[in-house]
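For reference, model_20.txt (compact mmCIF, C-alpha atoms):
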# COMPACT_ATOMS: atom_id res chain seq x y z
CA MET A 1415 0.00 0.00 0.00
CA SER A 1416 2.74 2.41 0.97
CA THR A 1417 4.65 1.73 -2.27
CA VAL A 1418 1.57 2.75 -4.24
CA LEU A 1419 1.28 5.92 -2.17
CA ASP A 1420 5.00 6.63 -2.66
CA TRP A 1421 4.61 6.17 -6.36
CA LEU A 1422 1.60 8.50 -6.40
CA ALA A 1423 3.48 11.07 -4.35
CA ALA A 1424 6.47 10.95 -6.71
CA LEU A 1425 4.16 11.39 -9.69
CA GLY A 1426 2.43 14.30 -8.02
CA ARG A 1427 5.74 15.94 -7.11
CA ALA A 1428 6.99 15.61 -10.69
CA GLY A 1429 3.75 17.09 -12.03
CA LEU A 1430 3.80 19.98 -9.58
CA ASP A 1431 7.49 20.63 -10.37
CA ALA A 1432 6.76 20.73 -14.07
CA LEU A 1433 3.83 23.11 -13.55
CA ALA A 1434 5.92 25.33 -11.26
CA ARG A 1435 8.72 25.46 -13.86
CA LEU A 1436 6.18 26.32 -16.56
CA GLY A 1437 4.82 29.11 -14.35
CA ARG A 1438 8.31 30.47 -13.60
CA GLY A 1439 9.08 30.38 -17.31
CA HIS A 1440 6.03 32.46 -18.15
CA VAL A 1441 6.64 34.92 -15.33
CA LEU A 1442 10.19 35.33 -16.63
CA LEU A 1443 8.86 35.85 -20.16
CA LEU A 1444 6.49 38.57 -18.97
CA GLY A 1445 9.35 40.16 -17.04
CA MET A 1446 11.55 40.16 -20.13
CA LEU A 1447 8.78 41.68 -22.25
CA ALA A 1448 8.24 44.34 -19.60
CA GLY A 1449 11.93 45.17 -20.05
CA LEU A 1450 11.32 46.26 -23.65
CA GLY A 1451 10.70 49.88 -22.60
CA PRO A 1452 13.94 50.21 -20.60
CA LEU A 1453 15.77 48.43 -23.43
CA ALA A 1454 14.60 51.04 -25.95
CA ARG A 1455 16.43 53.67 -23.86
CA ARG A 1456 19.65 51.60 -23.91
CA PRO A 1457 19.99 50.15 -27.41
CA ARG A 1458 23.70 49.57 -26.85
CA LEU A 1459 22.90 46.56 -24.64
CA LEU A 1460 21.07 45.01 -27.58
CA LEU A 1461 23.97 45.75 -29.91
CA VAL A 1462 26.44 43.80 -27.77
CA GLN A 1463 24.07 40.82 -27.65
CA LEU A 1464 23.35 40.97 -31.39
CA TYR A 1465 27.09 40.67 -31.83
CA SER A 1466 27.54 37.65 -29.59
CA VAL A 1467 24.32 35.89 -30.63
CA GLY A 1468 24.04 36.88 -34.29
CA VAL A 1469 27.40 37.84 -35.73
CA LEU A 1470 29.31 35.03 -34.08
CA SER A 1471 26.74 32.47 -35.33
CA MET A 1472 27.06 33.64 -38.92
CA LEU A 1473 30.05 31.49 -39.82
CA ILE A 1474 28.57 28.14 -38.78
CA ILE A 1475 25.22 29.07 -40.38
CA ALA A 1476 26.90 30.07 -43.64
CA VAL A 1477 29.06 26.96 -43.86
CA SER A 1478 26.17 24.63 -42.95
CA GLY A 1479 23.86 26.38 -45.41
CA ILE A 1480 26.25 25.95 -48.30
CA PHE A 1481 26.90 22.30 -47.51
CA VAL A 1482 23.24 21.43 -46.93
CA GLY A 1483 22.41 23.06 -50.27
CA MET A 1484 25.18 21.13 -51.98
CA VAL A 1485 23.98 17.83 -50.55
CA LEU A 1486 20.42 18.65 -51.62
CA GLY A 1487 21.70 19.37 -55.12
CA LEU A 1488 23.59 16.10 -55.25
CA GLN A 1489 20.85 13.89 -53.79
CA GLY A 1490 18.09 15.70 -55.67
CA HIS A 1491 19.91 15.30 -58.95
CA TYR A 1492 20.46 11.59 -58.29
CA ILE A 1493 16.74 10.98 -57.70
CA LEU A 1494 15.33 13.43 -60.24
CA SER A 1495 17.59 12.29 -63.08
CA ARG A 1496 16.04 8.82 -62.81
CA PHE A 1497 12.75 10.36 -63.89
CA GLY A 1498 14.32 12.77 -66.34
CA ALA A 1499 13.20 15.68 -64.18
CA GLU A 1500 16.53 17.39 -63.46
CA ALA A 1501 14.86 20.62 -64.54
CA THR A 1502 12.98 20.76 -61.26
CA LEU A 1503 16.17 20.54 -59.18
CA GLY A 1504 15.98 24.26 -58.39
CA VAL A 1505 12.42 23.92 -57.09
CA MET A 1506 13.34 20.97 -54.93
CA VAL A 1507 16.38 22.66 -53.42
CA ALA A 1508 14.67 26.00 -52.84
CA ALA A 1509 11.39 24.59 -51.52
CA SER A 1510 13.02 22.23 -49.05
CA LEU A 1511 15.38 24.96 -47.84
CA VAL A 1512 12.88 27.80 -47.56
CA ARG A 1513 10.07 25.74 -46.08
CA GLU A 1514 11.82 23.31 -43.78
CA LEU A 1515 15.58 23.02 -43.65
CA GLY A 1516 16.35 26.73 -43.42
CA PRO A 1517 14.29 27.48 -40.30
CA VAL A 1518 14.75 24.07 -38.63
CA VAL A 1519 18.47 23.47 -39.14
CA THR A 1520 19.22 27.11 -38.31
CA ALA A 1521 17.24 26.77 -35.08
CA LEU A 1522 19.06 23.55 -34.15
CA LEU A 1523 22.45 25.10 -34.87
CA PHE A 1524 21.40 28.25 -33.05
CA ALA A 1525 20.44 26.23 -29.98
CA GLY A 1526 23.83 24.53 -30.03
CA ARG A 1527 25.92 27.58 -30.82
CA ALA A 1528 24.15 30.53 -29.19
CA GLY A 1529 21.56 28.97 -26.87
CA SER A 1530 24.06 26.91 -24.87
CA ALA A 1531 26.36 29.94 -24.57
CA LEU A 1532 23.46 32.06 -23.27
CA THR A 1533 22.53 29.44 -20.69
CA ALA A 1534 26.10 28.96 -19.50
CA GLU A 1535 26.69 32.71 -19.27
CA ILE A 1536 23.51 33.44 -17.33
CA GLY A 1537 23.90 30.33 -15.17
CA LEU A 1538 27.43 31.34 -14.24
CA MET A 1539 26.26 34.88 -13.50
CA LYS A 1540 23.75 33.36 -11.14
CA ALA A 1541 26.26 30.94 -9.58
CA THR A 1542 28.75 33.76 -8.94
CA GLU A 1543 25.91 35.93 -7.60
CA GLN A 1544 26.37 38.66 -10.18
CA LEU A 1545 22.62 38.78 -10.72
CA SER A 1546 22.06 39.27 -6.98
CA GLY A 1547 24.78 41.90 -7.05
CA LEU A 1548 22.94 43.81 -9.76
CA GLU A 1549 19.79 43.64 -7.69
CA MET A 1550 21.68 45.00 -4.67
CA MET A 1551 22.69 47.99 -6.83
CA ALA A 1552 19.01 48.57 -7.64
CA VAL A 1553 19.47 47.37 -11.24
CA ASN A 1554 16.80 44.95 -12.40
CA PRO A 1555 18.80 41.95 -13.69
CA VAL A 1556 15.91 40.79 -15.89
CA TYR A 1557 15.76 44.13 -17.72
CA ARG A 1558 19.49 44.64 -17.80
CA VAL A 1559 20.78 41.14 -18.59
CA LEU A 1560 17.96 38.96 -19.91
CA THR A 1561 15.81 41.19 -22.12
CA PRO A 1562 18.63 42.23 -24.50
CA ARG A 1563 19.68 38.60 -24.91
CA PHE A 1564 16.13 37.46 -25.57
CA ILE A 1565 15.42 40.16 -28.15
CA ALA A 1566 18.79 39.59 -29.83
CA GLY A 1567 18.01 35.88 -30.22
CA PHE A 1568 14.49 36.58 -31.46
CA LEU A 1569 15.74 39.06 -34.08
CA SER A 1570 18.80 37.08 -35.17
CA MET A 1571 17.01 33.86 -36.01
CA PRO A 1572 15.05 34.96 -39.11
CA LEU A 1573 18.10 36.75 -40.48
CA LEU A 1574 20.28 33.70 -39.92
CA ALA A 1575 17.64 31.41 -41.46
CA ALA A 1576 17.39 33.66 -44.51
CA MET A 1577 21.17 33.53 -44.92
CA PHE A 1578 21.09 29.76 -44.54
CA SER A 1579 18.43 29.38 -47.24
CA ALA A 1580 20.01 31.87 -49.64
CA LEU A 1581 23.45 30.29 -49.38
CA GLY A 1582 21.88 26.82 -49.62
CA VAL A 1583 20.22 27.79 -52.91
CA TYR A 1584 23.64 28.83 -54.18
CA GLY A 1585 25.17 25.60 -52.86
CA GLY A 1586 22.58 23.60 -54.78
CA TRP A 1587 23.20 25.77 -57.81
CA PHE A 1588 26.93 25.14 -57.58
CA VAL A 1589 26.50 21.37 -57.55
CA GLY A 1590 23.51 21.13 -59.90
CA VAL A 1591 24.50 23.70 -62.50
CA GLY A 1592 28.24 23.85 -62.00
CA LEU A 1593 29.12 20.20 -61.55
CA LEU A 1594 26.21 18.10 -62.83
CA GLY A 1595 25.21 20.13 -65.86
CA VAL A 1596 21.65 21.22 -65.10
CA ASP A 1597 20.74 24.21 -67.25
CA ASP A 1598 21.35 27.52 -65.48
CA GLY A 1599 18.19 29.21 -66.76
CA THR A 1600 15.98 26.23 -65.96
CA TYR A 1601 17.29 26.05 -62.40
CA TRP A 1602 16.25 29.62 -61.65
CA SER A 1603 13.11 29.88 -63.77
CA GLN A 1604 11.54 26.68 -62.44
CA MET A 1605 12.34 27.89 -58.95
CA GLN A 1606 10.77 31.28 -59.55
CA ALA A 1607 7.71 29.70 -61.13
CA LYS A 1608 7.00 27.35 -58.27
CA ILE A 1609 8.17 29.12 -55.10
CA ASP A 1610 5.52 31.49 -53.85
CA LEU A 1611 6.39 34.60 -51.86
CA GLU A 1612 3.58 34.26 -49.34
CA GLU A 1613 3.09 30.53 -49.25
CA ASP A 1614 6.76 29.57 -48.97
CA ILE A 1615 8.96 32.47 -47.99
CA TYR A 1616 6.71 34.35 -45.56
CA ASN A 1617 5.80 31.09 -43.87
CA GLY A 1618 9.48 30.21 -43.57
CA VAL A 1619 10.15 33.57 -41.94
CA ILE A 1620 7.21 33.08 -39.54
CA LYS A 1621 8.61 29.67 -38.63
CA SER A 1622 12.04 31.07 -37.89
CA LEU A 1623 10.53 33.89 -35.79
CA VAL A 1624 8.67 31.30 -33.70
CA PHE A 1625 11.83 29.19 -33.36
CA GLY A 1626 13.89 32.26 -32.40
CA PHE A 1627 11.36 33.12 -29.71
CA VAL A 1628 11.23 29.60 -28.31
CA CYS A 1629 14.97 28.87 -28.46
CA SER A 1630 15.97 32.15 -26.80
CA TRP A 1631 13.28 31.74 -24.17
CA ILE A 1632 14.36 28.20 -23.31
CA ALA A 1633 18.06 29.14 -23.21
CA ILE A 1634 17.54 32.16 -20.97
CA PHE A 1635 15.06 30.43 -18.69
CA GLN A 1636 17.34 27.42 -18.20
CA GLY A 1637 20.22 29.73 -17.30
CA TYR A 1638 18.13 31.85 -14.97
CA ASP A 1639 16.44 28.87 -13.33
CA CYS A 1640 19.49 26.61 -12.92
CA MET A 1641 20.93 25.43 -9.63
CA PRO A 1642 23.74 27.90 -8.84
CA THR A 1643 26.46 25.26 -8.86
CA SER A 1644 28.86 24.07 -11.54
CA GLU A 1645 26.85 20.87 -11.89
CA GLY A 1646 23.62 22.86 -12.16
CA VAL A 1647 25.05 25.05 -14.93
CA SER A 1648 26.27 22.04 -16.88
CA ARG A 1649 22.89 20.34 -16.52
CA ALA A 1650 21.08 23.50 -17.59
CA THR A 1651 23.25 23.80 -20.69
CA THR A 1652 22.44 20.24 -21.69
CA LYS A 1653 18.75 20.85 -21.06
CA THR A 1654 18.83 23.95 -23.24
CA VAL A 1655 20.08 22.04 -26.26
CA VAL A 1656 17.80 19.05 -25.73
CA HIS A 1657 14.65 21.05 -24.97
CA SER A 1658 15.29 23.49 -27.80
CA ALA A 1659 15.77 20.68 -30.29
CA LEU A 1660 12.61 18.89 -29.14
CA ALA A 1661 10.60 22.11 -29.11
CA VAL A 1662 11.80 23.10 -32.58
CA LEU A 1663 11.04 19.72 -34.12
CA GLY A 1664 7.65 19.45 -32.42
CA LEU A 1665 6.63 23.00 -33.25
CA ASP A 1666 7.84 22.53 -36.81
CA PHE A 1667 5.34 19.74 -37.30
CA VAL A 1668 2.51 21.83 -35.82
CA LEU A 1669 3.43 24.91 -37.86
CA THR A 1670 3.80 22.90 -41.05
CA ALA A 1671 0.42 21.29 -40.49
CA LEU A 1672 -1.14 24.71 -39.89
CA MET A 1673 0.55 26.41 -42.85
CA PHE A 1674 0.67 23.82 -45.58
CA GLY A 1675 -1.77 21.15 -44.54
CA ASN A 1676 -5.02 22.26 -46.11
CA MET B 240 36.65 44.68 -29.16
CA SER B 241 35.95 48.37 -29.68
CA THR B 242 32.35 49.51 -29.77
CA ARG B 243 32.78 50.87 -33.27
CA GLY B 244 34.08 47.58 -34.61
CA MET B 245 31.16 45.80 -32.99
CA GLU B 246 28.70 48.25 -34.48
CA ILE B 247 30.14 47.68 -37.92
CA LEU B 248 29.95 43.90 -37.56
CA VAL B 249 26.37 43.98 -36.28
CA GLY B 250 25.47 46.30 -39.13
CA ALA B 251 27.06 43.89 -41.60
CA PHE B 252 25.17 40.99 -39.99
CA MET B 253 21.82 42.75 -40.30
CA ALA B 254 22.57 43.90 -43.84
CA ALA B 255 23.52 40.34 -44.83
CA GLY B 256 20.33 38.99 -43.26
CA PHE B 257 18.08 41.46 -45.03
CA LEU B 258 19.98 40.96 -48.26
CA ALA B 259 19.35 37.22 -47.97
CA LEU B 260 15.63 37.84 -47.35
CA PHE B 261 15.51 40.20 -50.32
CA PHE B 262 17.30 37.61 -52.46
CA LEU B 263 14.79 34.94 -51.44
CA ALA B 264 11.87 37.25 -52.21
CA MET B 265 13.12 38.50 -55.55
CA GLN B 266 15.26 35.74 -57.01
CA VAL B 267 13.82 32.55 -55.56
CA SER B 268 10.10 33.33 -55.40
CA ASN B 269 7.70 34.24 -58.15
CA LEU B 270 7.62 37.92 -57.18
CA GLY B 271 10.06 38.93 -59.88
CA ALA B 272 8.41 36.86 -62.61
CA VAL B 273 5.18 38.69 -63.37
CA ALA B 274 4.28 41.98 -61.80
CA VAL B 275 0.98 41.42 -60.06
CA GLY B 276 -1.77 43.83 -59.18
CA ASP B 277 -1.34 46.32 -62.00
CA GLY B 278 -3.30 44.73 -64.78
CA TYR B 279 -6.68 44.41 -66.43
CA GLN B 280 -9.14 41.57 -66.11
CA ILE B 281 -10.59 39.50 -68.89
CA LYS B 282 -12.88 36.49 -68.81
CA ALA B 283 -13.17 33.28 -70.74
CA ARG B 284 -15.82 30.54 -70.71
CA PHE B 285 -14.69 26.94 -70.77
CA GLN B 286 -16.82 23.82 -70.81
CA ASN B 287 -14.25 22.09 -68.63
CA VAL B 288 -11.28 23.63 -66.88
CA GLY B 289 -9.76 20.31 -65.85
CA GLY B 290 -7.24 20.85 -63.09
CA LEU B 291 -6.73 24.57 -63.67
CA LYS B 292 -6.09 26.43 -60.44
CA VAL B 293 -6.20 30.02 -59.29
CA ARG B 294 -2.78 31.69 -59.79
CA ALA B 295 -1.99 29.47 -62.75
CA PRO B 296 -0.06 31.42 -65.40
CA VAL B 297 -1.65 32.86 -68.53
CA SER B 298 0.82 32.86 -71.36
CA MET B 299 1.06 33.67 -75.03
CA GLY B 300 3.79 32.07 -77.09
CA GLY B 301 5.22 30.64 -73.90
CA VAL B 302 5.72 34.06 -72.31
CA PRO B 303 3.69 34.65 -69.14
CA LEU B 304 1.40 37.66 -69.50
CA GLY B 305 -0.64 37.31 -66.33
CA LYS B 306 -2.37 34.83 -64.13
CA VAL B 307 -5.72 33.27 -63.35
CA ILE B 308 -7.36 35.11 -60.46
CA GLY B 309 -10.70 33.36 -60.25
CA ILE B 310 -12.61 30.31 -61.46
CA HIS B 311 -16.40 30.34 -61.10
CA PHE B 312 -19.32 28.29 -62.25
CA ASP B 313 -22.16 29.77 -64.30
CA PRO B 314 -25.38 28.06 -63.12
CA GLN B 315 -27.31 29.16 -66.26
CA THR B 316 -25.04 27.83 -68.98
CA PHE B 317 -23.17 25.27 -66.85
CA ASP B 318 -19.87 26.70 -68.05
CA ALA B 319 -16.81 27.51 -66.01
CA ILE B 320 -15.87 31.17 -66.09
CA VAL B 321 -12.17 31.83 -65.72
CA THR B 322 -11.15 35.36 -64.74
CA MET B 323 -7.64 36.30 -65.72
CA GLU B 324 -5.52 39.29 -64.93
CA ILE B 325 -3.25 40.42 -67.75
CA ASP B 326 -0.32 42.71 -67.13
CA ARG B 327 -0.92 46.30 -68.19
CA THR B 328 2.07 46.26 -70.56
CA PHE B 329 0.36 43.69 -72.79
CA ASP B 330 -2.64 45.78 -73.87
CA LYS B 331 -2.56 44.97 -77.58
CA ILE B 332 -4.18 41.54 -77.58
CA PRO B 333 -6.71 41.04 -80.44
CA ASP B 334 -10.29 40.38 -79.26
CA ASP B 335 -10.59 37.20 -81.34
CA THR B 336 -7.75 35.60 -79.41
CA TYR B 337 -8.11 31.89 -78.84
CA ALA B 338 -7.76 30.55 -75.28
CA LYS B 339 -6.92 26.97 -74.50
CA ILE B 340 -5.99 25.12 -71.33
CA TYR B 341 -2.66 23.36 -71.73
CA THR B 342 -0.66 21.12 -69.45
CA ALA B 343 2.98 21.96 -68.83
CA GLY B 344 4.80 18.68 -69.35
CA LEU B 345 3.32 15.25 -68.81
CA LEU B 346 2.56 15.71 -65.12
CA GLY B 347 2.90 19.47 -64.94
CA GLU B 348 0.37 22.03 -63.85
CA GLN B 349 -2.25 23.40 -66.17
CA TYR B 350 -2.12 26.90 -67.57
CA VAL B 351 -4.08 29.05 -69.99
CA GLY B 352 -2.40 29.51 -73.34
CA LEU B 353 -3.55 32.37 -75.59
CA GLU B 354 -3.13 32.29 -79.36
CA PRO B 355 -3.48 35.67 -81.01
CA GLY B 356 -6.21 36.28 -83.59
CA GLY B 357 -6.20 38.81 -86.41
CA SER B 358 -8.78 41.34 -85.30
CA ASP B 359 -8.12 45.09 -85.27
CA ARG B 360 -9.79 45.56 -81.93
CA ASN B 361 -8.05 44.70 -78.70
CA LEU B 362 -9.22 43.03 -75.53
CA GLU B 363 -10.12 45.52 -72.83
CA ALA B 364 -10.83 45.30 -69.14
CA GLY B 365 -13.92 43.15 -68.60
CA SER B 366 -14.12 41.77 -72.12
CA GLU B 367 -14.63 38.08 -72.74
CA ILE B 368 -12.70 35.68 -74.92
CA ARG B 369 -15.22 33.85 -77.11
CA LEU B 370 -13.02 31.23 -78.71
CA THR B 371 -11.99 28.70 -76.14
CA GLN B 372 -11.08 25.05 -75.94
CA SER B 373 -11.47 23.00 -72.81
CA ALA B 374 -8.78 21.16 -70.96
CA LEU B 375 -7.91 17.70 -72.13
CA VAL B 376 -9.13 15.24 -69.55
CA LEU B 377 -7.00 12.14 -69.53
CA GLU B 378 -9.91 9.75 -68.93
CA GLU B 379 -11.78 11.10 -71.97
CA ILE B 380 -8.74 10.67 -74.20
CA VAL B 381 -8.14 7.15 -72.95
CA GLY B 382 -11.85 6.44 -73.41
CA GLN B 383 -11.80 7.72 -76.99
CA PHE B 384 -8.67 5.74 -77.71
CA LEU B 385 -10.18 2.53 -76.38
CA PHE B 386 -13.40 3.20 -78.27
CA SER B 387 -11.57 3.69 -81.58
CA LYS B 388 -9.45 0.59 -80.95
CA ALA B 389 -12.60 -1.40 -80.30
CA GLN B 390 -14.09 -0.17 -83.56
CA GLU B 391 -10.91 -1.07 -85.46
CA GLY B 392 -11.00 -4.50 -83.90
CA SER B 393 -14.58 -5.13 -84.97
CA LYS B 394 -14.11 -4.10 -88.64
CA PRO B 395 -11.92 -6.98 -89.89
CA GLN B 396 -14.40 -9.43 -88.43
CA GLU B 397 -17.14 -7.83 -90.50
CA GLY B 398 -14.84 -8.09 -93.56
CA THR B 399 -14.30 -11.81 -93.15
CA LYS B 400 -17.99 -12.55 -93.23
What would the structure in this file look like if it were written as structure tokens?
Amino acid sequence: MSTVLDWLAALGRAGLDALARLGRGHVLLLGMLAGLGPLARRPRLLLVQLYSVGVLSMLIIAVSGIFVGMVLGLQGHYILSRFGAEATLGVMVAASLVRELGPVVTALLFAGRAGSALTAEIGLMKATEQLSGLEMMAVNPVYRVLTPRFIAGFLSMPLLAAMFSALGVYGGWFVGVGLLGVDDGTYWSQMQAKIDLEEDIYNGVIKSLVFGFVCSWIAIFQGYDCMPTSEGVSRATTKTVVHSALAVLGLDFVLTALMFGN
Amino acid sequence: MSTRGMEILVGAFMAAGFLALFFLAMQVSNLGAVAVGDGYQIKARFQNVGGLKVRAPVSMGGVPLGKVIGIHFDPQTFDAIVTMEIDRTFDKIPDDTYAKIYTAGLLGEQYVGLEPGGSDRNLEAGSEIRLTQSALVLEEIVGQFLFSKAQEGSKPQEGTK
């Protein structure tokens, strides 16, 4: 009997913990959004974060974009040439990049490159009591430290995803047109004929905005909510990457179903 | 790193991002292909539009002139009415132009092809194309083919009698 009660108690504790974490996450989100006004008076804080979140992620995004595009060109050509449809290589490369791979792979790379750094930085600030120190000096740490990082992540993601897709299209072009002999004009004209501005590109941008919001939120919350020990910071960093990846892939399915599944 | 250097790099990052978005909008999507919105509307009646869809291209001689903006059903004549928007720059299309629904490639999408007539008067906003030919429906063609084969097959038997 007591084992059943123990089991029930453990289940209840886990559920309550999860709900409490969810609540803390939303309170933190509201706090960060309330920091938008103070942030507008200190745009320099945002600039520094755009540098560390956006500019420093550019290289890995650019390299991955080119290589993903090249692989798409290679694999697409292999399959399409069996049906004599190499002409649609451009459509295949561009559609898969703009709709899916651009936002999703960028978000996964962003979680690994920028999200983990955000968590570790904020977690260490908490562990070394810098956040409490700010509070002692009557500076709101959420406004001062978290809001700029959140907004920088939210703004960087669509730009990074657009770079990823654009470079991927050129990567596919390089392999398809440059190496495998697909006609240059066909590659672009088929792409332009089939890719729709609203249906494909706007929806891709909306996806990456959602992913930027979620990934930055998760990264900052995990850092802010971690146990202030070295083990806690390391665990929070792992959680950031895992939760971001799961959230991105799950949300991607929901968003795709909403946008394209009619 | 100096603040100025950081500002420059962030500026370059944002410029590169917006440039990539602009590239996707202009070069990858159909925005650059046919200017949309500034055009005049014409109509055509078809007995059967097959798989024609809204936003399908309208082309003459293979060059896109506009797009289909609406497909409706006329309950009086049981025809399909296709509304097309033609770009303003192509305003010299004869009013006896012939409209036909073609298929791009074997499995491609359907589009409206226009073949110019010889009339002096041009199509204007709201005018209707009178000469049209319906889409080819694969089942009908296969049916006709089978029918003609069956007839061919029955003739020699008559001859032997």
CA of Gly1483 in chain A to CA of Ser1579 in chain A, distance in Å rounded to a single decimal: 8.1 Å
Chain A contacts to chain B at 8 Å (all atoms listed in the file) as a list in words: Leu1461, Val1462, Leu1464, Tyr1465, Gly1468, Val1469, Met1472, Ala1508, Pro1572, Leu1573, Leu1574, Ala1576, Met1577, Ser1579, Ala1580, Trp1602, Met1605, Gln1606, Ala1607, Lys1608, Ile1609, Asp1610, Leu1611 and Ile1615 of chain A
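Rounded to one decimal, CA of Thr1651 in chain A and CA of Gly1537 in chain A lie 8.6 Å from each other.
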One-decimal distance in Å that lies between CA of Ala1671 in chain A and CA of Glu1514 in chain A: 12.0 Å
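You can rank B:Ile332, B:Met299, B:Ile340, B:Gln286 by their closest distance to Phe317 in chain B using all atoms listed in the file, and at the top of that list sits B:Gln286.
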10 Å contact set for Thr1542 in chain A, all atoms listed in the file, chain neighbours under 6 positions out, as a PyMOL selection string: chain A and resi 1536+1642-1643
How big is the axis-aligned box around all listed atoms of range 1478-1495 of chain A once 3 Å goes on each side, and where's its centre, in Å to one decimal, as JSON?
{"center_x": 21.1, "center_y": 18.7, "center_z": -53.0, "size_x": 17.6, "size_y": 21.4, "size_z": 26.1}
Selection: 10 Å around range 371-388 of chain B, only C-alpha atoms, excl. self and same-chain fewer than 4 positions, as a list of chain:residue names: B:Ala283, B:Arg284, B:Phe285, B:Gln286, B:Asn287, B:Val288, B:Gly289, B:Gly290, B:Leu291, B:Ala319, B:Thr336, B:Tyr337, B:Ala338, B:Lys339, B:Ile340, B:Tyr341, B:Thr342, B:Gln349, B:Tyr350, B:Val351, B:Leu353, B:Gly392, B:Ser393
Which residue of A:Ser1630, A:Thr1417, A:Ser1510, A:Thr1520 approaches Arg1563 in chain A most closely, using all atoms listed in the file: A:Ser1630
Residues near Val1591 in chain A, cut-off 12 Å, all atoms listed in the file, skip fewer than 3 positions along chain, as a VMD selection string: chain A and resid 1484 1487 to 1488 1491 1500 to 1504 1583 to 1588 1594 to 1602
Export of prior selection with C-alpha atoms as an mmCIF file, keeping the file's coordinate frame:
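Output (again_12.cif):
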data_model
loop_
_atom_site.group_PDB
_atom_site.id
_atom_site.type_symbol
_atom_site.label_atom_id
_atom_site.label_comp_id
_atom_site.auth_asym_id
_atom_site.auth_seq_id
_atom_site.Cartn_x
_atom_site.Cartn_y
_atom_site.Cartn_z
ATOM 1 C CA MET A 1484 25.180 21.130 -51.980
ATOM 2 C CA GLY A 1487 21.700 19.370 -55.120
ATOM 3 C CA LEU A 1488 23.590 16.100 -55.250
ATOM 4 C CA HIS A 1491 19.910 15.300 -58.950
ATOM 5 C CA GLU A 1500 16.530 17.390 -63.460
ATOM 6 C CA ALA A 1501 14.860 20.620 -64.540
ATOM 7 C CA THR A 1502 12.980 20.760 -61.260
ATOM 8 C CA LEU A 1503 16.170 20.540 -59.180
ATOM 9 C CA GLY A 1504 15.980 24.260 -58.390
ATOM 10 C CA VAL A 1583 20.220 27.790 -52.910
ATOM 11 C CA TYR A 1584 23.640 28.830 -54.180
ATOM 12 C CA GLY A 1585 25.170 25.600 -52.860
ATOM 13 C CA GLY A 1586 22.580 23.600 -54.780
ATOM 14 C CA TRP A 1587 23.200 25.770 -57.810
ATOM 15 C CA PHE A 1588 26.930 25.140 -57.580
ATOM 16 C CA LEU A 1594 26.210 18.100 -62.830
ATOM 17 C CA GLY A 1595 25.210 20.130 -65.860
ATOM 18 C CA VAL A 1596 21.650 21.220 -65.100
ATOM 19 C CA ASP A 1597 20.740 24.210 -67.250
ATOM 20 C CA ASP A 1598 21.350 27.520 -65.480
ATOM 21 C CA GLY A 1599 18.190 29.210 -66.760
ATOM 22 C CA THR A 1600 15.980 26.230 -65.960
ATOM 23 C CA TYR A 1601 17.290 26.050 -62.400
ATOM 24 C CA TRP A 1602 16.250 29.620 -61.650
#
Selection: 9 Å around Arg360 in chain B, only C-alpha atoms, excl. self and same-chain fewer than 4 positions, as a ChimeraX atom specification: /B:331-335
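Omitting range 1428-1445 of chain A and its sequence neighbours fewer than 6 positions away, and counting all atoms listed in the file, the residues within 9 Å are A:Val1556, A:Tyr1557, A:Thr1561, A:Trp1631, A:Ile1632, A:Phe1635, A:Gln1636, A:Tyr1638, A:Asp1639.
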Among the residues A:Gly1490, A:Pro1555, A:Gly1526, A:Gly1449, the one that comes closest to Lys1540 in chain A [using only C-alpha atoms]: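 That would be A:Pro1555, the residue with the smallest distance to Lys1540 in chain A.
Residue nearest Leu1447 in chain A, chosen from A:Gly1479, A:Phe1627, A:Leu1473, A:Gly1590 and counting only C-alpha atoms: A:Phe1627.
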Completed range 1553-1560 of chain A (N, CA and C atoms) as a PDB file, in the coordinates of the input:
ATOM      1  N   VAL A1553      19.617  47.571  -9.797  1.00  0.00           N
ATOM      2  CA  VAL A1553      19.470  47.370 -11.240  1.00  0.00           C
ATOM      3  C   VAL A1553      18.681  46.078 -11.422  1.00  0.00           C
ATOM      4  N   ASN A1554      17.613  46.149 -12.183  1.00  0.00           N
ATOM      5  CA  ASN A1554      16.800  44.950 -12.400  1.00  0.00           C
ATOM      6  C   ASN A1554      17.559  43.997 -13.332  1.00  0.00           C
ATOM      7  N   PRO A1555      17.993  42.828 -12.834  1.00  0.00           N
ATOM      8  CA  PRO A1555      18.800  41.950 -13.690  1.00  0.00           C
ATOM      9  C   PRO A1555      18.030  41.418 -14.886  1.00  0.00           C
ATOM     10  N   VAL A1556      16.689  41.280 -14.750  1.00  0.00           N
ATOM     11  CA  VAL A1556      15.910  40.790 -15.890  1.00  0.00           C
ATOM     12  C   VAL A1556      15.964  41.810 -17.020  1.00  0.00           C
ATOM     13  N   TYR A1557      15.745  43.085 -16.687  1.00  0.00           N
ATOM     14  CA  TYR A1557      15.760  44.130 -17.720  1.00  0.00           C
ATOM     15  C   TYR A1557      17.153  44.297 -18.301  1.00  0.00           C
ATOM     16  N   ARG A1558      18.141  44.277 -17.399  1.00  0.00           N
ATOM     17  CA  ARG A1558      19.490  44.640 -17.800  1.00  0.00           C
ATOM     18  C   ARG A1558      20.192  43.487 -18.532  1.00  0.00           C
ATOM     19  N   VAL A1559      19.998  42.263 -18.065  1.00  0.00           N
ATOM     20  CA  VAL A1559      20.780  41.140 -18.590  1.00  0.00           C
ATOM     21  C   VAL A1559      19.957  40.272 -19.536  1.00  0.00           C
ATOM     22  N   LEU A1560      18.702  39.991 -19.160  1.00  0.00           N
ATOM     23  CA  LEU A1560      17.960  38.960 -19.910  1.00  0.00           C
ATOM     24  C   LEU A1560      17.253  39.515 -21.134  1.00  0.00           C
TER      25      LEU A1560
END
